[in-house]
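Enquirer: Just data_38.txt, nothing more (compact mmCIF, C-alpha atoms):
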```txt
# COMPACT_ATOMS: atom_id res chain seq x y z
CA MET S 1 60.21 90.37 -28.57
CA ILE S 2 62.10 92.29 -31.24
CA GLU S 3 60.59 95.67 -32.03
CA LYS S 4 61.40 97.97 -34.92
CA HIS S 5 61.16 101.71 -35.41
CA ILE S 6 62.03 103.54 -38.62
CA CYS S 7 63.17 107.14 -38.25
CA SER S 8 61.92 109.81 -40.63
CA ASN S 9 65.22 109.74 -42.53
CA GLY S 10 65.20 105.94 -42.96
CA VAL S 11 67.51 104.89 -40.12
CA ARG S 12 66.17 101.66 -38.62
CA ILE S 13 66.12 100.97 -34.89
CA VAL S 14 65.67 97.35 -33.77
CA HIS S 15 65.44 96.72 -30.06
CA GLU S 16 64.81 93.78 -27.76
CA LYS S 17 64.14 94.12 -24.04
CA MET S 18 65.84 91.71 -21.65
CA PRO S 19 64.62 93.03 -18.27
CA HIS S 20 66.34 90.28 -16.28
CA LEU S 21 69.73 91.77 -17.20
CA ARG S 22 71.56 94.79 -15.83
CA SER S 23 73.33 95.56 -19.12
CA VAL S 24 72.36 97.06 -22.45
CA ALA S 25 74.25 96.65 -25.72
CA ILE S 26 74.12 99.33 -28.40
CA GLY S 27 75.38 98.81 -31.92
CA ILE S 28 75.56 101.11 -34.95
CA TRP S 29 75.50 98.89 -38.03
CA VAL S 30 76.43 100.30 -41.44
CA GLY S 31 76.00 98.51 -44.75
CA ALA S 32 79.52 99.40 -45.85
CA GLY S 33 82.47 97.03 -46.05
CA SER S 34 85.46 96.12 -48.17
CA GLY S 35 83.16 94.68 -50.85
CA ASP S 36 81.94 98.22 -51.53
CA GLU S 37 85.37 99.66 -52.24
CA SER S 38 86.92 100.57 -55.56
CA LYS S 39 90.48 99.38 -56.22
CA SER S 40 91.92 102.73 -55.13
CA GLU S 41 89.87 102.60 -51.91
CA ALA S 42 90.97 99.12 -50.78
CA GLY S 43 90.97 99.11 -46.99
CA ILE S 44 89.20 102.43 -46.49
CA ALA S 45 86.10 100.96 -44.80
CA HIS S 46 88.32 99.39 -42.14
CA PHE S 47 90.44 102.55 -41.88
CA ILE S 48 87.33 104.65 -41.21
CA GLU S 49 86.40 102.23 -38.43
CA HIS S 50 89.75 102.97 -36.80
CA MET S 51 89.52 106.72 -37.32
CA LEU S 52 86.16 107.07 -35.57
CA PHE S 53 88.01 106.34 -32.31
CA LYS S 54 90.70 108.97 -32.93
CA GLY S 55 88.86 112.10 -31.88
CA THR S 56 86.02 114.49 -32.62
CA ALA S 57 85.61 118.26 -32.45
CA THR S 58 85.21 118.05 -28.65
CA ARG S 59 86.88 114.76 -27.65
CA ASN S 60 90.31 113.38 -28.42
CA ALA S 61 91.10 109.66 -28.52
CA ARG S 62 92.12 109.60 -24.87
CA THR S 63 88.92 111.36 -23.79
CA ILE S 64 86.78 108.85 -25.69
CA ALA S 65 88.57 105.95 -23.98
CA GLU S 66 88.37 107.58 -20.54
CA GLU S 67 84.66 108.36 -20.87
CA PHE S 68 83.82 104.74 -21.64
CA ASP S 69 86.05 103.60 -18.76
CA ARG S 70 84.29 106.08 -16.47
CA ILE S 71 80.94 104.39 -17.11
CA GLY S 72 82.40 100.88 -16.98
CA GLY S 73 81.62 100.23 -20.62
CA ASP S 74 83.20 98.02 -23.26
CA VAL S 75 83.47 99.65 -26.68
CA ASN S 76 84.68 98.08 -29.90
CA ALA S 77 84.13 97.87 -33.65
CA PHE S 78 84.71 95.59 -36.61
CA THR S 79 84.68 95.74 -40.39
CA SER S 80 83.82 92.85 -42.69
CA LYS S 81 83.36 92.44 -46.42
CA GLU S 82 79.86 93.93 -46.33
CA MET S 83 79.35 95.79 -43.06
CA THR S 84 80.90 97.89 -40.31
CA CYS S 85 79.70 97.90 -36.71
CA TYR S 86 80.48 100.20 -33.76
CA TYR S 87 79.19 98.87 -30.46
CA THR S 88 79.28 99.18 -26.70
CA THR S 89 77.91 97.30 -23.69
CA VAL S 90 77.20 99.23 -20.49
CA LEU S 91 75.02 99.09 -17.41
CA GLY S 92 71.49 100.14 -18.29
CA HIS S 93 71.56 103.51 -16.52
CA HIS S 94 74.68 104.52 -18.47
CA ALA S 95 73.14 103.77 -21.89
CA PRO S 96 72.18 107.41 -22.73
CA ARG S 97 75.74 108.56 -22.04
CA ALA S 98 77.26 105.74 -24.08
CA LEU S 99 74.92 106.49 -26.97
CA THR S 100 75.85 110.18 -26.91
CA ILE S 101 79.57 109.35 -27.14
CA LEU S 102 78.98 106.90 -30.00
CA ALA S 103 76.90 109.49 -31.84
CA ASP S 104 79.65 112.10 -31.44
CA MET S 105 82.20 109.65 -32.88
CA PHE S 106 79.87 108.74 -35.72
CA PHE S 107 78.93 112.25 -36.82
CA ASN S 108 81.76 114.50 -35.64
CA SER S 109 85.02 112.64 -36.10
CA ALA S 110 87.76 115.12 -36.98
CA PHE S 111 89.87 112.91 -39.30
CA ASP S 112 92.93 114.88 -38.28
CA GLN S 113 95.79 114.31 -40.71
CA ALA S 114 98.38 113.74 -37.98
CA GLU S 115 96.13 111.12 -36.36
CA MET S 116 95.54 109.55 -39.75
CA GLU S 117 99.27 109.12 -40.34
CA LYS S 118 99.69 107.42 -36.96
CA GLU S 119 96.75 105.13 -37.64
CA LYS S 120 98.14 104.16 -41.04
CA SER S 121 101.13 102.72 -39.21
CA ILE S 122 98.81 100.83 -36.88
CA VAL S 123 96.91 99.29 -39.80
CA LEU S 124 100.16 98.33 -41.53
CA ASP S 125 101.16 96.55 -38.32
CA GLU S 126 97.78 94.79 -38.39
CA ILE S 127 98.45 93.64 -41.96
CA ALA S 128 101.90 92.42 -40.94
CA ALA S 129 100.33 90.49 -38.04
CA VAL S 130 98.11 88.61 -40.51
CA GLU S 131 101.11 87.80 -42.70
CA ASP S 132 102.94 86.54 -39.60
CA THR S 133 100.01 84.25 -38.75
CA PRO S 134 99.96 81.52 -41.42
CA ASP S 135 96.50 80.16 -40.58
CA ASP S 136 95.07 83.65 -41.18
CA ASP S 137 97.27 84.38 -44.18
CA VAL S 138 96.44 81.12 -45.95
CA ASP S 139 92.72 81.94 -45.69
CA GLU S 140 93.25 85.51 -46.92
CA ARG S 141 95.17 84.25 -49.93
CA LEU S 142 92.43 81.70 -50.65
CA TRP S 143 89.90 84.52 -51.13
CA GLY S 144 92.23 86.10 -53.65
CA VAL S 145 92.13 82.88 -55.68
CA MET S 146 88.38 82.39 -55.42
CA TYR S 147 87.47 85.98 -56.29
CA PRO S 148 90.38 87.55 -58.22
CA ASP S 149 89.97 91.19 -59.26
CA GLN S 150 86.73 91.36 -57.26
CA ALA S 151 86.29 93.54 -54.19
CA ILE S 152 85.00 90.67 -52.03
CA GLY S 153 88.20 88.74 -52.68
CA LYS S 154 90.45 91.54 -51.43
CA PRO S 155 91.67 91.78 -47.83
CA VAL S 156 89.44 93.85 -45.55
CA LEU S 157 92.57 95.58 -44.23
CA GLY S 158 93.61 96.83 -47.67
CA ASP S 159 97.26 97.08 -48.73
CA GLU S 160 100.22 99.35 -48.18
CA GLN S 161 99.83 101.17 -51.49
CA THR S 162 96.20 102.22 -51.06
CA ILE S 163 96.47 102.97 -47.34
CA ALA S 164 99.27 105.45 -48.04
CA THR S 165 96.89 107.52 -50.20
CA PHE S 166 94.04 107.91 -47.68
CA ASP S 167 93.18 111.45 -46.67
CA LYS S 168 90.20 113.28 -45.19
CA LYS S 169 88.64 113.93 -48.60
CA MET S 170 88.68 110.23 -49.54
CA ILE S 171 87.13 109.29 -46.21
CA GLU S 172 84.37 111.86 -46.55
CA GLN S 173 83.62 110.77 -50.11
CA PHE S 174 83.29 107.13 -49.05
CA MET S 175 81.11 108.04 -46.09
CA GLU S 176 78.91 110.29 -48.24
CA ARG S 177 78.35 107.35 -50.56
CA MET S 178 78.00 104.53 -48.02
CA TYR S 179 77.15 105.97 -44.57
CA ARG S 180 73.63 106.85 -45.61
CA PRO S 181 70.49 106.73 -43.43
CA GLU S 182 68.96 103.87 -45.40
CA LYS S 183 72.15 101.82 -44.84
CA ILE S 184 72.20 102.30 -41.06
CA VAL S 185 70.67 100.12 -38.34
CA ILE S 186 70.84 100.89 -34.62
CA SER S 187 70.45 97.68 -32.63
CA ILE S 188 69.67 97.70 -28.90
CA ALA S 189 69.30 94.74 -26.56
CA GLY S 190 69.14 94.46 -22.80
CA ASN S 191 67.67 96.42 -19.91
CA TYR S 192 66.55 99.85 -21.17
CA ASP S 193 63.45 101.99 -21.25
CA ASP S 194 61.71 103.66 -24.17
CA ARG S 195 63.45 106.99 -23.52
CA LEU S 196 66.59 105.44 -25.01
CA ILE S 197 64.75 104.75 -28.27
CA GLN S 198 63.52 108.34 -28.30
CA LEU S 199 67.09 109.57 -27.78
CA ILE S 200 68.31 107.46 -30.69
CA ASP S 201 65.59 108.97 -32.87
CA VAL S 202 66.75 112.46 -31.89
CA GLN S 203 70.45 111.77 -32.47
CA PHE S 204 70.24 109.60 -35.59
CA GLY S 205 66.83 110.34 -37.09
CA SER S 206 67.49 113.73 -38.65
CA PHE S 207 70.81 113.56 -40.49
CA LYS S 208 70.67 113.45 -44.27
CA ARG S 209 72.96 113.10 -47.23
CA GLU S 210 72.76 115.68 -49.99
CA LYS S 211 72.10 113.23 -52.78
CA GLN S 212 72.57 109.61 -53.72
CA VAL S 213 76.15 109.24 -54.89
CA GLU S 214 76.78 106.80 -57.70
CA GLN S 215 78.83 103.73 -56.88
CA PRO S 216 82.33 103.90 -58.40
CA ILE S 217 82.22 100.14 -58.92
CA ALA S 218 79.55 97.93 -60.42
CA ILE S 219 78.16 95.71 -57.67
CA GLN S 220 77.58 92.30 -59.26
CA THR S 221 77.25 88.78 -57.98
CA PRO S 222 80.85 87.64 -57.40
CA GLU S 223 82.01 84.83 -59.65
CA PHE S 224 83.86 81.95 -57.96
CA HIS S 225 87.11 80.82 -59.59
CA ALA S 226 88.91 77.53 -59.07
CA GLY S 227 92.69 77.55 -58.89
CA HIS S 228 95.53 77.55 -56.41
CA THR S 229 98.13 79.71 -54.74
CA VAL S 230 101.31 78.55 -53.03
CA LYS S 231 103.55 80.64 -50.77
CA ALA S 232 106.95 79.56 -49.53
CA LYS S 233 107.70 80.71 -45.98
CA ASP S 234 110.27 79.79 -43.37
CA ILE S 235 107.87 78.19 -40.90
CA GLU S 236 107.65 74.92 -38.99
CA GLN S 237 104.25 73.80 -40.29
CA ALA S 238 102.50 73.52 -43.63
CA HIS S 239 99.07 75.14 -43.89
CA ILE S 240 96.37 74.34 -46.42
CA CYS S 241 92.98 75.91 -47.04
CA ILE S 242 90.52 74.49 -49.58
CA GLY S 243 87.53 76.49 -50.76
CA TYR S 244 84.32 75.59 -52.56
CA PRO S 245 81.50 77.89 -53.73
CA GLY S 246 78.97 78.00 -50.89
CA LEU S 247 75.63 79.72 -50.27
CA ALA S 248 74.48 83.30 -49.83
CA VAL S 249 73.18 84.10 -46.36
CA ASN S 250 69.53 84.21 -47.44
CA ASP S 251 69.61 80.91 -49.36
CA GLU S 252 66.80 78.63 -48.16
CA ARG S 253 69.28 75.72 -47.97
CA ILE S 254 71.60 77.46 -45.52
CA HIS S 255 70.69 75.16 -42.62
CA ASP S 256 71.54 72.11 -44.74
CA LEU S 257 74.98 73.65 -45.21
CA ILE S 258 75.37 74.44 -41.52
CA ILE S 259 74.56 70.83 -40.60
CA LEU S 260 77.01 69.53 -43.22
CA ASP S 261 79.71 71.79 -41.80
CA SER S 262 79.11 70.42 -38.29
CA ILE S 263 79.30 66.82 -39.46
CA LEU S 264 82.33 67.27 -41.72
CA GLY S 265 84.63 69.44 -39.63
CA GLY S 266 82.84 71.86 -37.36
CA THR S 267 83.16 69.97 -34.06
CA MET S 268 85.50 67.64 -32.17
CA SER S 269 83.28 64.69 -33.07
CA SER S 270 83.26 65.62 -36.78
CA ARG S 271 84.59 63.25 -39.39
CA LEU S 272 87.63 65.35 -40.25
CA PHE S 273 88.66 65.86 -36.62
CA GLN S 274 88.23 62.21 -35.74
CA GLU S 275 89.95 60.83 -38.85
CA VAL S 276 92.74 63.39 -39.29
CA ARG S 277 93.65 64.04 -35.65
CA GLU S 278 92.37 61.22 -33.51
CA GLU S 279 92.80 58.23 -35.84
CA ARG S 280 95.83 59.20 -37.94
CA GLY S 281 97.52 61.91 -35.86
CA LEU S 282 98.20 64.00 -38.95
CA ALA S 283 97.36 67.47 -37.64
CA TYR S 284 96.72 69.42 -34.48
CA SER S 285 94.41 71.85 -36.33
CA ILE S 286 91.75 70.62 -38.73
CA CYS S 287 88.32 72.10 -39.31
CA SER S 288 85.71 73.19 -41.83
CA TYR S 289 83.79 76.47 -41.82
CA TYR S 290 81.48 78.52 -44.00
CA SER S 291 81.20 82.22 -44.79
CA SER S 292 77.91 83.54 -46.16
CA TYR S 293 77.27 87.01 -47.54
CA ASN S 294 74.52 88.84 -49.38
CA THR S 295 75.40 87.59 -52.84
CA THR S 296 77.78 84.70 -52.36
CA GLY S 297 79.30 82.27 -49.92
CA VAL S 298 82.26 79.98 -49.40
CA PHE S 299 82.70 76.61 -47.73
CA ALA S 300 86.28 76.00 -46.62
CA ILE S 301 88.46 73.36 -45.01
CA TYR S 302 91.65 74.25 -43.13
CA GLY S 303 94.46 72.10 -41.84
CA GLY S 304 97.89 72.75 -40.34
CA THR S 305 100.39 69.90 -40.23
CA SER S 306 104.08 69.03 -40.26
CA PRO S 307 105.56 69.61 -43.72
CA GLU S 308 106.20 65.92 -44.35
CA ASN S 309 102.53 65.12 -43.70
CA LEU S 310 101.00 67.70 -46.05
CA GLY S 311 100.38 65.14 -48.81
CA LYS S 312 98.85 62.64 -46.39
CA LEU S 313 96.64 65.36 -44.88
CA THR S 314 95.34 66.41 -48.29
CA ASP S 315 94.64 62.81 -49.25
CA THR S 316 92.82 62.19 -45.98
CA ILE S 317 90.63 65.27 -46.43
CA ASP S 318 89.67 63.98 -49.88
CA GLU S 319 88.95 60.51 -48.48
CA VAL S 320 86.62 61.94 -45.84
CA ILE S 321 84.78 64.00 -48.45
CA GLN S 322 84.44 60.96 -50.70
CA SER S 323 83.10 58.88 -47.81
CA ILE S 324 80.22 61.34 -47.44
CA LEU S 325 79.58 61.42 -51.20
CA HIS S 326 79.57 57.63 -51.53
CA GLN S 327 78.21 56.48 -48.18
CA GLY S 328 76.18 59.47 -47.00
CA ILE S 329 75.73 60.39 -43.35
CA THR S 330 74.01 58.55 -40.53
CA GLU S 331 70.90 59.49 -38.59
CA ASN S 332 73.04 59.56 -35.46
CA GLU S 333 75.41 62.09 -37.02
CA LEU S 334 72.45 64.22 -38.07
CA HIS S 335 70.92 64.07 -34.58
CA ASN S 336 74.20 65.04 -32.89
CA ALA S 337 74.78 67.90 -35.30
CA LYS S 338 71.29 69.29 -34.71
CA GLU S 339 71.65 69.17 -30.95
CA GLN S 340 75.08 70.77 -31.06
CA LEU S 341 73.84 73.60 -33.31
CA LYS S 342 70.75 74.24 -31.22
CA GLY S 343 72.82 74.30 -28.06
CA ALA S 344 75.37 76.71 -29.54
CA PHE S 345 72.61 78.93 -30.93
CA LEU S 346 70.56 79.11 -27.74
CA LEU S 347 73.50 79.45 -25.34
CA GLY S 348 74.91 82.16 -27.57
CA LEU S 349 71.84 84.32 -27.04
CA GLU S 350 72.09 84.65 -23.28
CA SER S 351 73.89 88.02 -23.30
CA SER S 352 72.68 91.45 -24.36
CA GLU S 353 75.64 91.82 -26.71
CA SER S 354 74.92 88.58 -28.58
CA ARG S 355 71.26 89.54 -29.03
CA MET S 356 72.27 92.99 -30.26
CA HIS S 357 74.64 91.45 -32.81
CA ARG S 358 72.08 88.94 -34.04
CA ASN S 359 69.33 91.52 -34.44
CA GLY S 360 71.55 94.15 -36.03
CA LYS S 361 72.99 91.79 -38.61
CA ASN S 362 69.62 90.25 -39.45
CA GLU S 363 68.03 93.65 -39.98
CA LEU S 364 70.91 94.98 -42.04
CA ILE S 365 71.39 91.93 -44.26
CA LEU S 366 68.05 90.10 -44.25
CA GLN S 367 65.65 92.93 -43.36
CA GLY S 368 63.80 90.47 -41.18
CA HIS S 369 63.89 88.46 -37.97
CA LYS S 370 63.06 84.83 -37.32
CA THR S 371 62.02 83.93 -33.81
CA ILE S 372 64.17 81.59 -31.79
CA ASP S 373 61.54 78.86 -32.18
CA GLU S 374 61.51 79.35 -35.94
CA VAL S 375 65.29 78.93 -36.15
CA VAL S 376 65.16 75.79 -33.99
CA ALA S 377 62.39 74.41 -36.23
CA LEU S 378 64.51 75.03 -39.33
CA ILE S 379 67.42 73.12 -37.78
CA ASP S 380 65.13 70.27 -36.71
CA GLY S 381 63.64 70.16 -40.21
CA VAL S 382 66.90 69.20 -41.92
CA GLN S 383 66.85 65.61 -43.17
CA VAL S 384 69.63 63.20 -44.14
CA ALA S 385 68.67 63.59 -47.80
CA ASN S 386 69.07 67.38 -47.55
CA VAL S 387 72.60 67.10 -46.22
CA TYR S 388 73.58 64.47 -48.79
CA ARG S 389 72.22 66.63 -51.60
CA MET S 390 74.14 69.62 -50.26
CA ALA S 391 77.37 67.61 -50.12
CA ASN S 392 76.92 66.55 -53.74
CA ASP S 393 76.16 70.11 -54.83
CA LEU S 394 79.22 71.37 -52.97
CA PHE S 395 81.99 68.84 -53.41
CA THR S 396 81.43 67.95 -57.06
CA LYS S 397 82.39 71.50 -58.07
CA GLN S 398 85.95 72.58 -58.83
CA ARG S 399 87.74 74.04 -55.84
CA ALA S 400 90.37 76.58 -54.92
CA THR S 401 93.42 75.79 -52.81
CA SER S 402 95.83 77.93 -50.81
CA ILE S 403 99.05 76.55 -49.30
CA ILE S 404 101.75 78.12 -47.16
CA ALA S 405 104.70 75.84 -46.45
CA PRO S 406 108.49 75.72 -46.17
CA GLU S 407 110.33 76.25 -49.43
CA ASP S 408 111.44 72.64 -49.91
CA VAL S 409 107.83 71.45 -49.56
CA VAL S 410 106.61 74.05 -52.03
CA GLU S 411 109.24 73.00 -54.57
CA ALA S 412 108.08 69.38 -54.28
CA LEU S 413 104.41 70.15 -54.84
CA SER S 414 102.88 69.01 -58.12
CA ILE S 415 99.80 71.25 -58.40
```
Starting from the file, give its structure as structure tokens.

Expert:
Amino acid sequence: MIEKHICSNGVRIVHEKMPHLRSVAIGIWVGAGSGDESKSEAGIAHFIEHMLFKGTATRNARTIAEEFDRIGGDVNAFTSKEMTCYYTTVLGHHAPRALTILADMFFNSAFDQAEMEKEKSIVLDEIAAVEDTPDDDVDERLWGVMYPDQAIGKPVLGDEQTIATFDKKMIEQFMERMYRPEKIVISIAGNYDDRLIQLIDVQFGSFKREKQVEQPIAIQTPEFHAGHTVKAKDIEQAHICIGYPGLAVNDERIHDLIILDSILGGTMSSRLFQEVREERGLAYSICSYYSSYNTTGVFAIYGGTSPENLGKLTDTIDEVIQSILHQGITENELHNAKEQLKGAFLLGLESSESRMHRNGKNELILQGHKTIDEVVALIDGVQVANVYRMANDLFTKQRATSIIAPEDVVEALSI
């Protein structure tokens, strides 16, 4: 059972006991991501995530790493368009120590200028790695088409120009604005006792911010734009990513979309995989996926193929979409999709870390928690008509397209 405690300063603690395990996962979730950045701050949320591992007043980066190794713990972090998470998984008896280290990183990071300059190079290498990976790059460029001049459409990693300007003052200003008690959730799952919750309350329940700082950017519902981007690159394959406006994470139709994704391109038995790869041999990689956020969402289709087959791949994707719009889906497809989703959902909850992630994200974004049975019931409740209606809502809208291909293919494109 998921329990919730609200500290006096507004920090929320959500915790779920799993006494059959030996581990406990601890996550600090912050409602701050790249979608909260001004243009001059692009990439700062992700940069802060990096810098919290670079040393505090009493620990340097090596000490932090060694202390987690000493207790056999895994520690990591990630930044997305609307959140940042710092998390660790340790044996239950090491949880208080792990929490104390995380708290020191969270509250006492030094943001040393020399360390910052080294980490800027690391982030620039990370950006270069994305650009060297066409299937990542083509997706990143798609977001720039769908949401131009909007924070949610910008890369989470930022860009070389803004990263060069980051200093301690900018970091502290962003954290003062976004790392506020009411934006913080501590999620715990696994084998722990109530003393851990009391320790969290002590370490996180008393800090305050001086005052509410006004957002430097107006947070509005992002507006989807159709269009296309094409990038010529000396590579062996052509990569295409097609995006449609999707659903926000709290939309009541979200499970209709999830089922549609499974049927269209989310599994090896999906229509796209079977038609594109198995029947026509046009691509090794073909899939669909969805991204849902607080205020918007995207449904996307990706394919990577030989340059000479790019046109055939695009035509086949359109044919598969049209087959759903004109012929619908079968009860057998619906049944298989439901069973696959339930299996993935339930099997994915068998570790303390996966439970911690689920609970932390749900509390931060949805401020609520559905039981496992309630989620299964929602999946089982989806009907053929729901999925068909969702497909018509989705695929009759104008779309955005991103392509990365060799120069001769790009020159021959007529888009």

Enquirer: Can you work out which one of S:Pro181, S:Gly72, S:Gly266, S:Pro406 has the shortest atom-to-atom distance to Ser288 in chain S, counting all atoms listed in the file?

Expert: S:Gly266

Enquirer: Find the distance between CA of Ile64 in chain S and CA of Gln113 in chain S and write it in Å to one decimal.

Expert: 18.3 Å

Enquirer: Can you sort out the box for range 375-381 of chain S, edges along x, y and z, all listed atoms in, 3 Å on every side, with centre and edge lengths in Å to one decimal, as JSON?

Expert:
```
{"center_x": 64.9, "center_y": 74.5, "center_z": -37.1, "size_x": 11.0, "size_y": 14.8, "size_z": 12.2}
```

Enquirer: Excluding same-chain residues fewer than 4 positions from His225 in chain S, what lies within 9 Å of it counting only C-alpha atoms, as JSON, numbers by chain?

Expert: {"S": [145, 146, 147, 148, 245, 398, 399, 400]}

Enquirer: Have a look at S:Gly55, S:Gly27, S:Gly144, S:Gly43 and name the one nearest to Asp74 in chain S; count all atoms listed in the file.

Expert: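 Nearest candidate to Asp74 in chain S out of S:Gly55, S:Gly27, S:Gly144, S:Gly43: S:Gly27.
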
Enquirer: Within 10 Å of (77.2, 81.1, -43.7), all atoms listed in the file: residues as a ChimeraX atom specification?

Expert: /S:246-251,254-255,257-258,261,289-294,296-299

Enquirer: Excluding same-chain residues fewer than 3 positions from Ala57 in chain S, what lies within 9 Å of it counting only C-alpha atoms, as an mmCIF file with C-alpha atoms, in the coordinates of the input?

Expert:
```cif
data_model
loop_
_atom_site.group_PDB
_atom_site.id
_atom_site.type_symbol
_atom_site.label_atom_id
_atom_site.label_comp_id
_atom_site.auth_asym_id
_atom_site.auth_seq_id
_atom_site.Cartn_x
_atom_site.Cartn_y
_atom_site.Cartn_z
ATOM 1 C CA ASN S 60 90.310 113.380 -28.420
ATOM 2 C CA ASP S 104 79.650 112.100 -31.440
ATOM 3 C CA ASN S 108 81.760 114.500 -35.640
ATOM 4 C CA SER S 109 85.020 112.640 -36.100
ATOM 5 C CA ALA S 110 87.760 115.120 -36.980
#
```

Enquirer: Which residues are near Ile186 in chain S? Cut-off 8 Å, all atoms listed in the file, ignore same chain within fewer than 2 positions. Put them as a list in words.

Expert: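 Listed by chain and then number, they are Val11, Arg12, Ile13, Val14, Ile26, Gly27, Ile28, Trp29, Ile184, Ile188 and Gly360 of chain S.
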
Enquirer: Take the residues from that selection and write them out as a JSON list (two decimals), in the frame of the given file, keeping C-alpha atoms.

Expert:
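Written out: out.json:
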```json
[["chain", "number", "residue", "atom", "x", "y", "z"],
["S", 11, "VAL", "CA", 67.51, 104.89, -40.12],
["S", 12, "ARG", "CA", 66.17, 101.66, -38.62],
["S", 13, "ILE", "CA", 66.12, 100.97, -34.89],
["S", 14, "VAL", "CA", 65.67, 97.35, -33.77],
["S", 26, "ILE", "CA", 74.12, 99.33, -28.40],
["S", 27, "GLY", "CA", 75.38, 98.81, -31.92],
["S", 28, "ILE", "CA", 75.56, 101.11, -34.95],
["S", 29, "TRP", "CA", 75.50, 98.89, -38.03],
["S", 184, "ILE", "CA", 72.20, 102.30, -41.06],
["S", 188, "ILE", "CA", 69.67, 97.70, -28.90],
["S", 360, "GLY", "CA", 71.55, 94.15, -36.03]]
```

Enquirer: Excluding Phe53 in chain S and any residue of its chain fewer than 2 positions from it, enumerate the residues within 12 Å of it, using only C-alpha atoms, and give them as a PyMOL selection string.

Expert: chain S and resi 47-51+55-56+59-66+68+75-77+86-87+101-112+115-116+119

Enquirer: Counting all atoms listed in the file, which residues have an atom no more than 6 Å from (70.9, 94.3, -20.1) in the file's coordinates? Please list them as a ChimeraX atom specification.

Expert: /S:18,21-24,190-191,352

Enquirer: Calculate how many Å separate CA of Gln237 in chain S from CA of Thr305 in chain S, rounding to one decimal.

Expert: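 Computed distance, CA of Gln237 in chain S to CA of Thr305 in chain S, equals 5.5 Å.
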
Enquirer: Tell me which of S:Phe207, S:Tyr179, S:Phe224, S:Tyr192 sits closest to Ile152 in chain S, counting only C-alpha atoms.

Expert: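 Looking only at the distances to Ile152 in chain S, the closest residue turns out to be S:Phe224.
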
Enquirer: What would range 56-70 of chain S look like with N, CA and C atoms restored, written as a compact mmCIF listing (two decimals), in the coordinates of the input?

Expert:
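Saved result, selection-v2.txt, follows:
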```
# COMPACT_ATOMS: atom_id res chain seq x y z
N THR S 56 87.07 113.68 -32.00
CA THR S 56 86.02 114.49 -32.62
C THR S 56 86.35 115.96 -32.37
N ALA S 57 85.39 116.83 -32.68
CA ALA S 57 85.61 118.26 -32.45
C ALA S 57 85.76 118.58 -30.97
N THR S 58 85.19 117.76 -30.09
CA THR S 58 85.21 118.05 -28.65
C THR S 58 85.87 116.97 -27.81
N ARG S 59 86.24 115.85 -28.39
CA ARG S 59 86.88 114.76 -27.65
C ARG S 59 88.08 114.26 -28.43
N ASN S 60 89.21 114.06 -27.76
CA ASN S 60 90.31 113.38 -28.42
C ASN S 60 90.23 111.89 -28.12
N ALA S 61 91.16 111.12 -28.67
CA ALA S 61 91.10 109.66 -28.52
C ALA S 61 91.17 109.25 -27.05
N ARG S 62 92.00 109.94 -26.28
CA ARG S 62 92.12 109.60 -24.87
C ARG S 62 90.82 109.87 -24.13
N THR S 63 90.18 111.01 -24.45
CA THR S 63 88.92 111.36 -23.79
C THR S 63 87.84 110.32 -24.07
N ILE S 64 87.77 109.87 -25.32
CA ILE S 64 86.78 108.85 -25.69
C ILE S 64 87.01 107.59 -24.84
N ALA S 65 88.26 107.16 -24.76
CA ALA S 65 88.57 105.95 -23.98
C ALA S 65 88.25 106.16 -22.51
N GLU S 66 88.61 107.32 -21.96
CA GLU S 66 88.37 107.58 -20.54
C GLU S 66 86.88 107.66 -20.22
N GLU S 67 86.10 108.25 -21.14
CA GLU S 67 84.66 108.36 -20.87
C GLU S 67 83.99 107.01 -20.83
N PHE S 68 84.39 106.09 -21.69
CA PHE S 68 83.82 104.74 -21.64
C PHE S 68 84.30 104.00 -20.39
N ASP S 69 85.56 104.21 -20.00
CA ASP S 69 86.05 103.60 -18.76
C ASP S 69 85.28 104.14 -17.56
N ARG S 70 84.96 105.43 -17.59
CA ARG S 70 84.29 106.08 -16.47
C ARG S 70 82.90 105.49 -16.22
```
